[in-house]
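A.B. asks: My structure is stored as data-v6.csv, with CSV, C-alpha atoms.
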```csv
chain,number,residue,atom,x,y,z
A,1,MET,CA,-12.4,-1.5,10.0
A,2,LYS,CA,-13.3,1.2,12.6
A,3,GLY,CA,-15.4,0.0,15.4
A,4,ASN,CA,-14.4,-3.7,15.1
A,5,GLY,CA,-11.9,-3.6,17.9
A,6,LYS,CA,-8.8,-3.1,15.7
A,7,GLY,CA,-6.9,0.0,16.6
A,8,VAL,CA,-3.3,1.0,16.9
A,9,ALA,CA,-1.8,3.5,19.4
A,10,ILE,CA,1.6,5.1,18.4
A,11,VAL,CA,3.8,6.6,21.1
A,12,HIS,CA,6.7,9.0,21.0
A,13,TYR,CA,8.1,11.9,23.0
A,14,SER,CA,6.6,14.3,20.5
A,15,ALA,CA,4.4,14.3,17.4
A,16,PRO,CA,4.0,16.6,14.4
A,17,PRO,CA,3.9,19.5,13.9
A,18,VAL,CA,7.1,19.1,16.0
A,19,VAL,CA,9.8,18.6,13.3
A,20,GLY,CA,12.1,15.6,13.4
A,21,GLY,CA,12.9,12.3,11.6
A,22,VAL,CA,11.1,10.1,14.0
A,23,GLU,CA,8.1,12.4,14.0
A,24,THR,CA,7.9,12.1,10.2
A,25,ILE,CA,8.0,8.3,10.4
A,26,LEU,CA,5.3,8.4,13.0
A,27,ARG,CA,3.1,10.5,10.8
A,28,ASN,CA,3.7,8.2,7.8
A,29,GLN,CA,2.7,5.2,9.9
A,30,ALA,CA,-0.4,6.9,11.4
A,31,CYS,CA,-1.7,8.1,8.0
A,32,PHE,CA,-1.1,4.7,6.4
A,33,LEU,CA,-2.9,2.8,9.1
A,34,ALA,CA,-5.8,5.3,9.1
A,35,ASP,CA,-6.1,5.0,5.3
A,36,CYS,CA,-6.4,1.2,5.9
A,37,GLY,CA,-9.5,1.9,8.0
A,38,LEU,CA,-7.9,1.4,11.4
A,39,ARG,CA,-8.6,3.5,14.4
A,40,VAL,CA,-5.2,5.3,15.1
A,41,ARG,CA,-4.3,7.3,18.1
A,42,VAL,CA,-1.0,9.1,18.6
A,43,LEU,CA,0.1,9.5,22.2
A,44,ALA,CA,2.8,12.1,22.7
A,45,GLY,CA,4.2,14.5,25.2
A,46,ALA,CA,4.1,17.5,22.8
A,47,GLY,CA,2.7,18.2,19.4
A,48,GLY,CA,-0.7,18.7,17.8
A,49,ASP,CA,-3.1,17.2,15.3
A,50,VAL,CA,-1.0,14.7,13.2
A,51,ALA,CA,-3.3,14.3,10.2
A,52,PRO,CA,-7.0,14.0,9.3
A,53,GLY,CA,-8.4,10.7,10.5
A,54,VAL,CA,-5.7,10.3,13.2
A,55,GLU,CA,-6.6,10.9,16.9
A,56,THR,CA,-4.0,12.8,19.0
A,57,LYS,CA,-3.8,12.7,22.7
A,58,ILE,CA,-1.2,14.8,24.4
A,59,ILE,CA,0.1,13.4,27.7
A,60,PRO,CA,2.7,15.9,29.0
A,61,GLU,CA,4.4,13.2,31.1
A,62,LEU,CA,5.6,11.5,27.9
A,63,SER,CA,7.7,14.5,26.8
A,64,SER,CA,11.4,14.3,26.8
A,65,ALA,CA,11.5,17.6,28.8
A,66,HIS,CA,9.0,16.5,31.6
A,67,TYR,CA,11.2,14.7,34.1
A,68,ARG,CA,14.8,15.0,35.2
A,69,THR,CA,15.4,11.4,36.3
A,70,ARG,CA,18.5,12.2,38.3
A,71,ASP,CA,16.4,14.6,40.5
A,72,LEU,CA,13.9,11.9,41.5
A,73,ALA,CA,14.4,9.7,44.5
A,74,GLU,CA,13.6,6.0,43.9
A,75,THR,CA,10.3,6.0,45.7
A,76,GLU,CA,9.2,9.2,43.8
A,77,PHE,CA,10.4,7.7,40.5
A,78,ARG,CA,8.3,4.6,41.0
A,79,ARG,CA,5.3,6.6,42.1
A,80,GLU,CA,5.5,8.7,38.9
A,81,VAL,CA,5.8,5.5,36.9
A,82,GLU,CA,2.5,4.2,38.4
A,83,LEU,CA,0.7,7.4,37.8
A,84,LEU,CA,1.8,7.5,34.1
A,85,LEU,CA,1.0,3.8,33.7
A,86,GLY,CA,-2.6,4.6,34.7
A,87,LYS,CA,-2.9,7.3,32.1
A,88,LEU,CA,-1.4,5.0,29.4
A,89,LYS,CA,-3.8,2.2,30.2
A,90,GLU,CA,-6.8,4.6,30.0
A,91,ALA,CA,-5.5,6.0,26.7
A,92,THR,CA,-5.1,2.6,25.1
A,93,ILE,CA,-8.5,1.1,26.1
A,94,GLY,CA,-10.1,-0.4,22.9
A,95,PHE,CA,-6.8,-0.7,21.0
A,96,HIS,CA,-5.2,-4.0,20.1
A,97,ALA,CA,-1.7,-2.9,19.2
A,98,LEU,CA,1.0,-0.4,20.3
A,99,ILE,CA,4.0,1.0,18.5
A,100,VAL,CA,6.6,2.7,20.6
A,101,HIS,CA,9.2,4.9,18.9
A,102,ASN,CA,12.6,5.2,20.5
A,103,MET,CA,11.3,5.6,24.1
A,104,LEU,CA,12.4,2.1,25.1
A,105,THR,CA,16.0,2.5,23.9
A,106,MET,CA,16.7,6.2,24.6
A,107,PRO,CA,17.2,7.9,28.0
A,108,PHE,CA,15.3,11.1,27.6
A,109,ASN,CA,12.4,10.2,29.9
A,110,LEU,CA,13.0,7.0,31.9
A,111,VAL,CA,9.8,7.4,33.9
A,112,ALA,CA,7.9,7.0,30.6
A,113,THR,CA,10.2,4.2,29.6
A,114,ALA,CA,9.4,2.3,32.7
A,115,ALA,CA,5.7,2.9,32.4
A,116,LEU,CA,5.6,1.7,28.8
A,117,ARG,CA,7.5,-1.4,29.7
A,118,ASN,CA,5.0,-2.2,32.4
A,119,LEU,CA,2.1,-1.5,30.0
A,120,ILE,CA,3.6,-3.9,27.4
A,121,GLU,CA,4.5,-6.6,29.9
A,122,ASP,CA,0.9,-6.6,31.1
A,123,GLY,CA,0.2,-8.5,27.9
A,124,SER,CA,-3.0,-6.9,26.8
A,125,LEU,CA,-1.5,-5.2,23.7
A,126,ARG,CA,0.5,-6.4,20.7
A,127,ALA,CA,3.6,-4.3,21.0
A,128,LEU,CA,6.2,-3.2,18.5
A,129,VAL,CA,9.3,-1.5,19.9
A,130,TRP,CA,10.6,0.6,17.0
A,131,CYS,CA,14.3,1.3,17.6
A,132,HIS,CA,15.9,4.2,15.8
A,133,ASP,CA,18.8,4.9,18.1
A,134,SER,CA,20.5,4.3,21.4
A,135,PRO,CA,22.9,6.4,23.5
A,136,TYR,CA,25.3,3.4,23.6
A,137,PHE,CA,26.0,3.7,19.9
A,138,ASP,CA,27.2,7.3,20.4
A,139,PRO,CA,30.5,8.0,22.2
A,140,ALA,CA,29.2,11.5,23.1
A,141,TYR,CA,26.9,9.9,25.7
A,142,ARG,CA,28.4,8.6,28.9
A,143,LEU,CA,25.7,6.6,30.6
A,144,PRO,CA,26.1,3.6,32.9
A,145,ARG,CA,24.7,0.3,31.6
A,146,GLY,CA,24.3,-1.9,34.6
A,147,GLU,CA,22.4,0.3,37.1
A,148,TYR,CA,18.7,1.1,37.4
A,149,PRO,CA,17.0,2.9,35.7
A,150,TYR,CA,19.4,2.7,32.8
A,151,THR,CA,18.9,-1.0,32.6
A,152,LEU,CA,15.4,-0.2,31.3
A,153,ILE,CA,17.0,0.8,27.9
A,154,THR,CA,19.5,-2.0,27.7
A,155,SER,CA,17.3,-5.0,28.3
A,156,PRO,CA,14.5,-6.4,26.1
A,157,VAL,CA,10.8,-5.9,27.0
A,158,ARG,CA,9.1,-9.2,27.7
A,159,GLY,CA,6.4,-9.9,25.0
A,160,ALA,CA,7.4,-7.2,22.6
A,161,LYS,CA,8.6,-7.5,19.0
A,162,TYR,CA,11.6,-5.4,18.3
A,163,VAL,CA,11.9,-3.5,15.0
A,164,THR,CA,14.8,-1.4,13.7
A,165,ILE,CA,15.6,0.5,10.5
A,166,THR,CA,18.7,-1.1,8.9
A,167,GLU,CA,20.6,-4.3,9.0
A,168,HIS,CA,23.5,-2.5,10.7
A,169,ARG,CA,21.2,-1.2,13.4
A,170,ARG,CA,19.8,-4.7,13.9
A,171,SER,CA,23.3,-6.1,14.7
A,172,LEU,CA,24.0,-3.2,17.1
A,173,PHE,CA,20.6,-3.6,18.9
A,174,ALA,CA,21.0,-7.4,19.0
A,175,ARG,CA,24.3,-7.0,20.9
A,176,LEU,CA,23.0,-4.3,23.2
A,177,LEU,CA,19.8,-6.1,24.2
A,178,GLY,CA,21.2,-9.7,24.1
A,179,LEU,CA,18.8,-10.8,21.5
A,180,PRO,CA,19.4,-13.0,18.5
A,181,GLU,CA,19.5,-10.9,15.3
A,182,GLU,CA,16.7,-13.0,13.7
A,183,GLU,CA,14.3,-11.9,16.5
A,184,ILE,CA,14.7,-8.2,15.4
A,185,GLU,CA,12.8,-7.2,12.3
A,186,VAL,CA,14.2,-4.7,9.8
A,187,VAL,CA,11.7,-2.2,8.4
A,188,ARG,CA,13.5,0.6,6.6
A,189,ASN,CA,12.2,4.1,6.7
A,190,GLY,CA,10.3,5.3,3.7
A,191,ILE,CA,9.0,8.3,1.9
A,192,ASP,CA,5.4,9.4,1.9
A,193,LEU,CA,5.4,10.4,-1.8
A,194,SER,CA,2.1,12.2,-1.7
A,195,HIS,CA,3.1,14.3,1.2
A,196,PHE,CA,6.8,14.9,0.3
A,197,LEU,CA,6.0,15.8,-3.3
A,198,SER,CA,2.7,17.6,-2.4
A,199,LEU,CA,0.9,15.5,-5.1
A,200,ALA,CA,-2.4,16.5,-6.5
A,201,PRO,CA,-5.2,14.0,-5.6
A,202,GLN,CA,-5.3,12.6,-9.1
A,203,ALA,CA,-1.6,11.7,-9.0
A,204,ALA,CA,-1.9,10.1,-5.6
A,205,VAL,CA,-4.8,8.0,-6.8
A,206,LEU,CA,-2.9,6.9,-9.9
A,207,ILE,CA,0.0,5.6,-7.7
A,208,GLU,CA,-2.3,3.3,-6.0
A,209,GLU,CA,-4.7,2.4,-8.8
A,210,PHE,CA,-1.9,1.4,-11.2
A,211,SER,CA,0.7,0.4,-8.6
A,212,LEU,CA,3.2,2.7,-10.1
A,213,TYR,CA,5.8,2.0,-7.5
A,214,GLU,CA,5.8,-1.7,-8.4
A,215,ARG,CA,6.3,-1.1,-12.1
A,216,ASP,CA,9.5,-2.0,-13.8
A,217,LEU,CA,9.3,1.2,-15.9
A,218,ASN,CA,6.9,4.1,-16.1
A,219,VAL,CA,7.0,5.8,-19.5
A,220,ILE,CA,5.3,9.1,-20.1
A,221,SER,CA,4.2,10.7,-23.4
A,222,PRO,CA,2.8,14.1,-22.4
A,223,VAL,CA,1.1,14.9,-25.7
A,224,ARG,CA,-2.3,15.4,-27.1
A,225,ILE,CA,-3.7,12.6,-29.2
A,226,THR,CA,-3.3,13.7,-32.7
A,227,PRO,CA,-1.6,12.0,-35.7
A,228,ARG,CA,1.6,14.1,-35.8
A,229,LYS,CA,2.5,12.9,-32.3
A,230,ASN,CA,3.1,9.4,-33.9
A,231,LEU,CA,1.9,7.6,-30.8
A,232,GLU,CA,1.8,4.3,-32.7
A,233,MET,CA,5.6,4.4,-32.7
A,234,ALA,CA,5.6,5.0,-28.9
A,235,ILE,CA,3.3,2.0,-28.4
A,236,ARG,CA,5.4,-0.3,-30.5
A,237,ILE,CA,8.6,0.8,-28.8
A,238,CYS,CA,7.0,0.1,-25.4
A,239,HIS,CA,5.7,-3.3,-26.7
A,240,ALA,CA,9.4,-4.2,-27.5
A,241,LEU,CA,10.5,-2.8,-24.1
A,242,LEU,CA,8.3,-5.4,-22.3
A,243,TYR,CA,11.1,-7.9,-23.0
A,244,TYR,CA,13.3,-5.9,-20.6
A,245,TYR,CA,10.6,-4.4,-18.3
A,246,PRO,CA,7.6,-6.8,-18.1
A,247,GLY,CA,5.7,-4.5,-15.7
A,248,LEU,CA,6.0,-1.4,-18.0
A,249,LEU,CA,3.3,1.2,-18.2
A,250,LEU,CA,3.0,3.9,-20.9
A,251,ILE,CA,1.1,6.9,-19.7
A,252,VAL,CA,-0.3,9.2,-22.5
A,253,THR,CA,-1.4,12.3,-20.6
A,254,GLY,CA,-3.3,14.3,-23.3
A,255,TYR,CA,-6.8,14.4,-24.6
A,256,VAL,CA,-8.0,13.8,-28.1
A,257,ASP,CA,-7.2,17.0,-29.9
A,258,PRO,CA,-10.5,18.9,-30.3
A,259,HIS,CA,-9.1,21.0,-33.1
A,260,ASN,CA,-8.2,18.1,-35.3
A,261,THR,CA,-11.1,16.4,-37.1
A,262,GLU,CA,-9.0,13.3,-37.7
A,263,ALA,CA,-8.0,12.9,-34.1
A,264,GLY,CA,-11.0,10.8,-33.0
A,265,ALA,CA,-10.5,8.2,-35.7
A,266,TYR,CA,-6.8,8.2,-34.9
A,267,PHE,CA,-7.4,7.5,-31.3
A,268,GLN,CA,-9.6,4.5,-32.2
A,269,ARG,CA,-6.7,3.2,-34.4
A,270,LEU,CA,-4.4,3.5,-31.4
A,271,LYS,CA,-6.7,1.6,-29.2
A,272,ARG,CA,-7.0,-1.1,-31.8
A,273,LEU,CA,-3.2,-1.3,-32.0
A,274,VAL,CA,-3.0,-1.6,-28.2
A,275,GLU,CA,-5.5,-4.6,-28.3
A,276,GLU,CA,-3.7,-6.3,-31.2
A,277,LEU,CA,-0.4,-6.1,-29.3
A,278,GLY,CA,-1.9,-7.3,-26.0
A,279,MET,CA,-0.9,-4.1,-24.4
A,280,ALA,CA,-4.2,-3.2,-22.6
A,281,GLU,CA,-2.5,-3.6,-19.2
A,282,HIS,CA,0.5,-1.5,-20.3
A,283,VAL,CA,-1.0,1.6,-21.8
A,284,LEU,CA,-3.0,4.2,-20.0
A,285,PHE,CA,-4.7,7.0,-21.9
A,286,LEU,CA,-5.4,9.6,-19.2
A,287,GLY,CA,-7.7,11.6,-21.4
A,288,GLU,CA,-10.4,8.9,-21.1
A,289,HIS,CA,-9.6,7.8,-17.6
A,290,ARG,CA,-11.8,8.9,-14.7
A,291,MET,CA,-11.4,9.4,-11.0
A,292,PRO,CA,-13.6,7.4,-8.7
A,293,ASP,CA,-16.0,10.3,-8.5
A,294,GLY,CA,-16.2,10.4,-12.4
A,295,THR,CA,-14.1,13.5,-12.9
A,296,PRO,CA,-11.3,13.6,-15.4
A,297,THR,CA,-8.0,12.4,-14.1
A,298,VAL,CA,-5.9,15.2,-15.6
A,299,ALA,CA,-7.9,18.2,-14.7
A,300,ASP,CA,-5.2,20.8,-14.3
A,301,TRP,CA,-1.6,21.7,-14.8
A,302,LYS,CA,-0.6,20.6,-11.3
A,303,ALA,CA,-1.9,17.1,-11.7
A,304,THR,CA,-0.1,16.8,-15.1
A,305,ARG,CA,3.2,18.0,-13.6
A,306,ASP,CA,2.8,15.6,-10.6
A,307,ILE,CA,2.2,12.6,-12.9
A,308,TYR,CA,5.4,13.7,-14.8
A,309,SER,CA,7.3,13.5,-11.5
A,310,LEU,CA,6.3,9.8,-11.0
A,311,ALA,CA,7.6,8.7,-14.4
A,312,ASP,CA,11.0,7.2,-15.2
A,313,VAL,CA,11.5,8.3,-18.8
A,314,LEU,CA,10.0,10.7,-21.3
A,315,LEU,CA,9.1,9.2,-24.7
A,316,LEU,CA,8.3,11.7,-27.5
A,317,THR,CA,8.0,10.1,-31.0
A,318,SER,CA,6.4,13.0,-32.9
A,319,TYR,CA,7.2,13.2,-36.7
A,320,ALA,CA,6.6,17.0,-36.5
A,321,GLU,CA,6.9,19.5,-33.7
A,322,GLY,CA,6.7,23.3,-33.6
A,323,PHE,CA,8.8,23.4,-30.5
A,324,GLY,CA,8.9,20.4,-28.1
A,325,LEU,CA,8.2,21.8,-24.7
A,326,PRO,CA,8.2,18.4,-23.0
A,327,LEU,CA,11.9,18.2,-23.4
A,328,LEU,CA,12.4,21.3,-21.3
A,329,GLU,CA,10.0,20.0,-18.7
A,330,ALA,CA,11.8,16.6,-18.5
A,331,GLY,CA,15.1,18.5,-18.2
A,332,LEU,CA,13.8,20.4,-15.1
A,333,LEU,CA,12.9,17.0,-13.6
A,334,ARG,CA,16.3,15.4,-14.5
A,335,MET,CA,14.3,12.8,-16.4
A,336,PRO,CA,15.9,10.6,-19.1
A,337,ILE,CA,14.6,11.5,-22.6
A,338,VAL,CA,13.9,9.4,-25.6
A,339,CYS,CA,12.7,11.4,-28.6
A,340,SER,CA,12.4,11.2,-32.4
A,341,ASP,CA,15.3,12.4,-34.5
A,342,ILE,CA,13.7,15.5,-36.1
A,343,PRO,CA,15.3,19.0,-36.4
A,344,THR,CA,13.2,20.8,-33.9
A,345,LEU,CA,13.9,18.3,-31.1
A,346,ARG,CA,17.6,18.1,-32.0
A,347,GLU,CA,17.8,21.8,-31.7
A,348,ILE,CA,16.2,21.9,-28.2
A,349,LEU,CA,18.3,19.0,-26.9
A,350,GLY,CA,21.5,20.8,-27.8
A,351,THR,CA,24.5,18.8,-26.4
A,352,THR,CA,22.7,17.1,-23.6
A,353,ARG,CA,23.8,13.5,-22.8
A,354,ASN,CA,20.5,12.8,-21.0
A,355,ALA,CA,18.7,11.7,-24.1
A,356,ILE,CA,18.8,9.3,-27.0
A,357,VAL,CA,17.3,10.2,-30.4
A,358,VAL,CA,15.4,7.6,-32.5
A,359,GLY,CA,15.0,7.5,-36.2
A,360,LEU,CA,11.4,7.5,-37.4
A,361,GLU,CA,12.0,4.3,-39.4
A,362,GLU,CA,14.0,2.6,-36.8
A,363,ASP,CA,13.0,-0.9,-35.7
A,364,PRO,CA,11.2,-0.7,-32.3
A,365,ARG,CA,13.1,-3.7,-31.1
A,366,ALA,CA,16.4,-2.0,-31.8
A,367,VAL,CA,15.1,1.1,-30.1
A,368,ALA,CA,14.1,-0.9,-27.0
A,369,GLY,CA,17.6,-2.4,-26.8
A,370,ARG,CA,19.1,1.1,-26.9
A,371,ILE,CA,16.8,2.4,-24.3
A,372,HIS,CA,17.6,-0.5,-22.0
A,373,GLU,CA,21.3,0.0,-22.4
A,374,PHE,CA,20.9,3.7,-21.8
A,375,LEU,CA,18.8,3.3,-18.6
A,376,SER,CA,21.1,0.5,-17.3
A,377,THR,CA,23.9,3.0,-17.0
A,378,HIS,CA,21.9,6.1,-16.0
A,379,ALA,CA,22.8,6.9,-12.4
A,380,THR,CA,19.9,9.3,-11.7
A,381,PHE,CA,17.3,6.9,-13.2
A,382,GLN,CA,18.7,4.0,-11.2
A,383,HIS,CA,18.6,5.9,-7.9
A,384,PHE,CA,15.2,7.3,-8.5
A,385,LYS,CA,13.8,3.8,-9.4
A,386,HIS,CA,15.4,2.3,-6.3
A,387,VAL,CA,13.9,5.0,-4.0
A,388,PHE,CA,10.5,4.9,-5.7
A,389,ARG,CA,10.2,1.1,-5.6
A,390,GLU,CA,11.9,0.2,-2.3
A,391,TYR,CA,11.2,3.2,-0.1
A,392,HIS,CA,7.6,4.2,-1.0
A,393,TRP,CA,6.0,4.2,2.4
A,394,LYS,CA,2.7,2.6,1.4
A,395,ALA,CA,4.5,-0.4,-0.1
A,396,ILE,CA,6.5,-0.7,3.1
A,397,GLY,CA,3.3,-0.5,5.2
A,398,LYS,CA,1.6,-3.2,3.2
A,399,SER,CA,4.5,-5.6,3.1
A,400,LYS,CA,6.0,-5.0,6.6
A,401,LEU,CA,3.9,-3.0,9.0
A,402,LEU,CA,0.5,-4.7,8.6
A,403,PRO,CA,1.9,-8.3,9.1
A,404,LEU,CA,3.8,-7.1,12.2
A,405,LEU,CA,0.5,-5.9,13.6
A,406,GLY,CA,-1.1,-9.2,12.9
A,407,LEU,CA,-3.2,-7.8,10.1
A,408,GLY,CA,-1.6,-9.7,7.2
A,409,GLY,CA,-0.6,-8.1,3.9
A,410,GLY,CA,-2.7,-5.6,2.0
A,411,SER,CA,-5.6,-3.6,3.4
A,412,PRO,CA,-7.0,-5.0,6.7
A,413,GLY,CA,-10.5,-4.3,5.6
```
Write out the structure in this file as structure tokens.

C.D. replies:
Amino acid sequence: MKGNGKGVAIVHYSAPPVVGGVETILRNQACFLADCGLRVRVLAGAGGDVAPGVETKIIPELSSAHYRTRDLAETEFRREVELLLGKLKEATIGFHALIVHNMLTMPFNLVATAALRNLIEDGSLRALVWCHDSPYFDPAYRLPRGEYPYTLITSPVRGAKYVTITEHRRSLFARLLGLPEEEIEVVRNGIDLSHFLSLAPQAAVLIEEFSLYERDLNVISPVRITPRKNLEMAIRICHALLYYYPGLLLIVTGYVDPHNTEAGAYFQRLKRLVEELGMAEHVLFLGEHRMPDGTPTVADWKATRDIYSLADVLLLTSYAEGFGLPLLEAGLLRMPIVCSDIPTLREILGTTRNAIVVGLEEDPRAVAGRIHEFLSTHATFQHFKHVFREYHWKAIGKSKLLPLLGLGGGSPG
């Protein structure tokens, strides 16, 4: 994508490493667009390098601390606007789109607001005005509405597409700007999972490769592949769970046990069972999976722990265990647990209500029904799933940001 004339400039008063909510969203957008192959340049009044692959250009006149508007006479104000406009035009040469965060609705640098309005109304850039806030929504501010230059933040910019972060904000901005609500797009803020959770590269790749954030249910069995782990039961339970969760994925994290001579043959039986049940798209054996460069997916403890953090429920169907460490790990992650009803696991569970136990001879369809009922009323699971599915930034970027930039859905490559 780089070099074909597609590029996005993102503008705010400040950029990371300055800490703030808008700065975080700016970083998420910049990283996503750069990952899509676009040229990305952040223009800010303060800050530093945002992320690898993202250009940063500091223009001090964009800072919220640069001008004191009330100290500028009208002729001086307009002269400063023209000087900054020249710098902005130079900084956006070769870019097709512009995203402006808050600077067209907040009063912290009205010289910059005026210059950005002029840049957008020139018509050479596709412009998104990203509206997080306005002083007119906060009674602590006491600013006039009808006098210049404050009219710059209470009137719409000609030719720009307005975007805000919630339905409530849309209604407020529609009234403030005099725009129909349907002309303002809602794009909710999201979480960059890889950054927030400091995910190992393997885990970040798995999110994308297997679309984990789109799955109805991500089930993890963090065990080695050996007969006593009874993974055929886990597979059959997950097969029954497809009735409730058609997009389910079972992730078996461990390798074939090198100390057990029967483990290799056992693994082949499991793979045949997966094929017989039509589960090939729903079972992932990480022990045989490889990264794009050919290295093993689960190469260290950190990667395994990160994959854990992306799962919805722990499934442990062993018919024998010496201890059952995964139950403790799941507890630390506040993860719902489904495990076999054997003495060792019962002992570790104690009196927890965050688990259901399954008889080794129990019908998988009955187990699936119990799991569905359990998860349907599990508040932590419901909230985790909601955030993971609806607020994962890359999903938001693909479904919302790229179309707004005229790049369609999915990667613009």

A.B. asks: Taking 6 positions as the minimum chain separation for residues in the same chain, which residues sit within 7 Å of segment 116-120 of chain A when counting all atoms listed in the file? Answer as a list in words.

C.D. replies: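 Final neighbour list, sorted by chain and number: Leu85, Lys89, Ala127, Val157 and Ala160 of chain A.
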
A.B. asks: So which residues touch Phe108 of chain A within 12 Å, counting only C-alpha atoms, skipping near sequence neighbours fewer than 2 positions away, as a JSON list (two decimals) with C-alpha atoms, keeping the file's coordinate frame?

C.D. replies:
```
[["chain", "number", "residue", "atom", "x", "y", "z"],
["A", 12, "HIS", "CA", 6.70, 9.00, 21.00],
["A", 13, "TYR", "CA", 8.10, 11.90, 23.00],
["A", 14, "SER", "CA", 6.60, 14.30, 20.50],
["A", 45, "GLY", "CA", 4.20, 14.50, 25.20],
["A", 61, "GLU", "CA", 4.40, 13.20, 31.10],
["A", 62, "LEU", "CA", 5.60, 11.50, 27.90],
["A", 63, "SER", "CA", 7.70, 14.50, 26.80],
["A", 64, "SER", "CA", 11.40, 14.30, 26.80],
["A", 65, "ALA", "CA", 11.50, 17.60, 28.80],
["A", 66, "HIS", "CA", 9.00, 16.50, 31.60],
["A", 67, "TYR", "CA", 11.20, 14.70, 34.10],
["A", 68, "ARG", "CA", 14.80, 15.00, 35.20],
["A", 69, "THR", "CA", 15.40, 11.40, 36.30],
["A", 70, "ARG", "CA", 18.50, 12.20, 38.30],
["A", 102, "ASN", "CA", 12.60, 5.20, 20.50],
["A", 103, "MET", "CA", 11.30, 5.60, 24.10],
["A", 104, "LEU", "CA", 12.40, 2.10, 25.10],
["A", 105, "THR", "CA", 16.00, 2.50, 23.90],
["A", 106, "MET", "CA", 16.70, 6.20, 24.60],
["A", 110, "LEU", "CA", 13.00, 7.00, 31.90],
["A", 111, "VAL", "CA", 9.80, 7.40, 33.90],
["A", 112, "ALA", "CA", 7.90, 7.00, 30.60],
["A", 113, "THR", "CA", 10.20, 4.20, 29.60],
["A", 114, "ALA", "CA", 9.40, 2.30, 32.70],
["A", 133, "ASP", "CA", 18.80, 4.90, 18.10],
["A", 134, "SER", "CA", 20.50, 4.30, 21.40],
["A", 135, "PRO", "CA", 22.90, 6.40, 23.50],
["A", 141, "TYR", "CA", 26.90, 9.90, 25.70],
["A", 143, "LEU", "CA", 25.70, 6.60, 30.60],
["A", 149, "PRO", "CA", 17.00, 2.90, 35.70],
["A", 150, "TYR", "CA", 19.40, 2.70, 32.80],
["A", 152, "LEU", "CA", 15.40, -0.20, 31.30],
["A", 153, "ILE", "CA", 17.00, 0.80, 27.90]]
```

A.B. asks: Can you tell me which residues surround segment 47-49 of chain A at a distance of at most 7 Å, considering all atoms listed in the file, apart from same-chain residues fewer than 3 positions away, and format the answer as a PyMOL selection string?

C.D. replies: chain A and resi 14-18+44+56

A.B. asks: Residues of segment 129-215 of chain A that approach segment 300-312 of chain A to 12 Å or less, counting all atoms listed in the file: could you list each one with the shortest pair of atoms and its distance in Å to one decimal, rows by chain and increasing residue number, as JSON lines?

C.D. replies:
```
{"residue": "A:Leu193", "atom": "CA", "partner": "A:Leu310", "partner_atom": "CA", "distance": 9.3}
{"residue": "A:Ser194", "atom": "CA", "partner": "A:Asp306", "partner_atom": "CA", "distance": 9.6}
{"residue": "A:His195", "atom": "CA", "partner": "A:Asp306", "partner_atom": "CA", "distance": 11.9}
{"residue": "A:Phe196", "atom": "CA", "partner": "A:Asp306", "partner_atom": "CA", "distance": 11.6}
{"residue": "A:Leu197", "atom": "CA", "partner": "A:Asp306", "partner_atom": "CA", "distance": 8.0}
{"residue": "A:Ser198", "atom": "CA", "partner": "A:Asp306", "partner_atom": "CA", "distance": 8.4}
{"residue": "A:Leu199", "atom": "CA", "partner": "A:Asp306", "partner_atom": "CA", "distance": 5.8}
{"residue": "A:Ala200", "atom": "CA", "partner": "A:Ala303", "partner_atom": "CA", "distance": 5.3}
{"residue": "A:Pro201", "atom": "CA", "partner": "A:Ala303", "partner_atom": "CA", "distance": 7.6}
{"residue": "A:Gln202", "atom": "CA", "partner": "A:Ala303", "partner_atom": "CA", "distance": 6.2}
{"residue": "A:Ala203", "atom": "CA", "partner": "A:Ile307", "partner_atom": "CA", "distance": 5.5}
{"residue": "A:Ala204", "atom": "CA", "partner": "A:Ile307", "partner_atom": "CA", "distance": 8.7}
{"residue": "A:Val205", "atom": "CA", "partner": "A:Ile307", "partner_atom": "CA", "distance": 10.4}
{"residue": "A:Leu206", "atom": "CA", "partner": "A:Ile307", "partner_atom": "CA", "distance": 8.2}
{"residue": "A:Ile207", "atom": "CA", "partner": "A:Leu310", "partner_atom": "CA", "distance": 8.3}
{"residue": "A:Glu208", "atom": "CA", "partner": "A:Leu310", "partner_atom": "CA", "distance": 11.9}
{"residue": "A:Phe210", "atom": "CA", "partner": "A:Leu310", "partner_atom": "CA", "distance": 11.7}
{"residue": "A:Ser211", "atom": "CA", "partner": "A:Leu310", "partner_atom": "CA", "distance": 11.2}
{"residue": "A:Leu212", "atom": "CA", "partner": "A:Leu310", "partner_atom": "CA", "distance": 7.8}
{"residue": "A:Tyr213", "atom": "CA", "partner": "A:Leu310", "partner_atom": "CA", "distance": 8.6}
{"residue": "A:Glu214", "atom": "CA", "partner": "A:Leu310", "partner_atom": "CA", "distance": 11.8}
{"residue": "A:Arg215", "atom": "CA", "partner": "A:Asp312", "partner_atom": "CA", "distance": 10.0}
```

A.B. asks: In Å, how far is it from atom CA of Leu286 of chain A to atom CA of Thr253 of chain A?

C.D. replies: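 Between these atoms lies a distance of 5.0 Å.
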
A.B. asks: Find the residues near Lys87 of chain A: any atom within 10 Å, counting only C-alpha atoms, skip ones fewer than 3 places away on the same chain, and give them as a list in words.

C.D. replies: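 Near Lys87 of chain A, the qualifying residues are Ile59, Glu61, Glu82, Leu83, Leu84, Glu90, Ala91, Thr92 and Ala115 of chain A.
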
A.B. asks: Go through A:Asn354, A:Ser376, A:Val50, A:Ala320 and flag the residue nearest Asn28 of chain A, using only C-alpha atoms for the distances.

C.D. replies: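 Of A:Asn354, A:Ser376, A:Val50, A:Ala320, the one nearest Asn28 of chain A is A:Val50, counting only C-alpha atoms.
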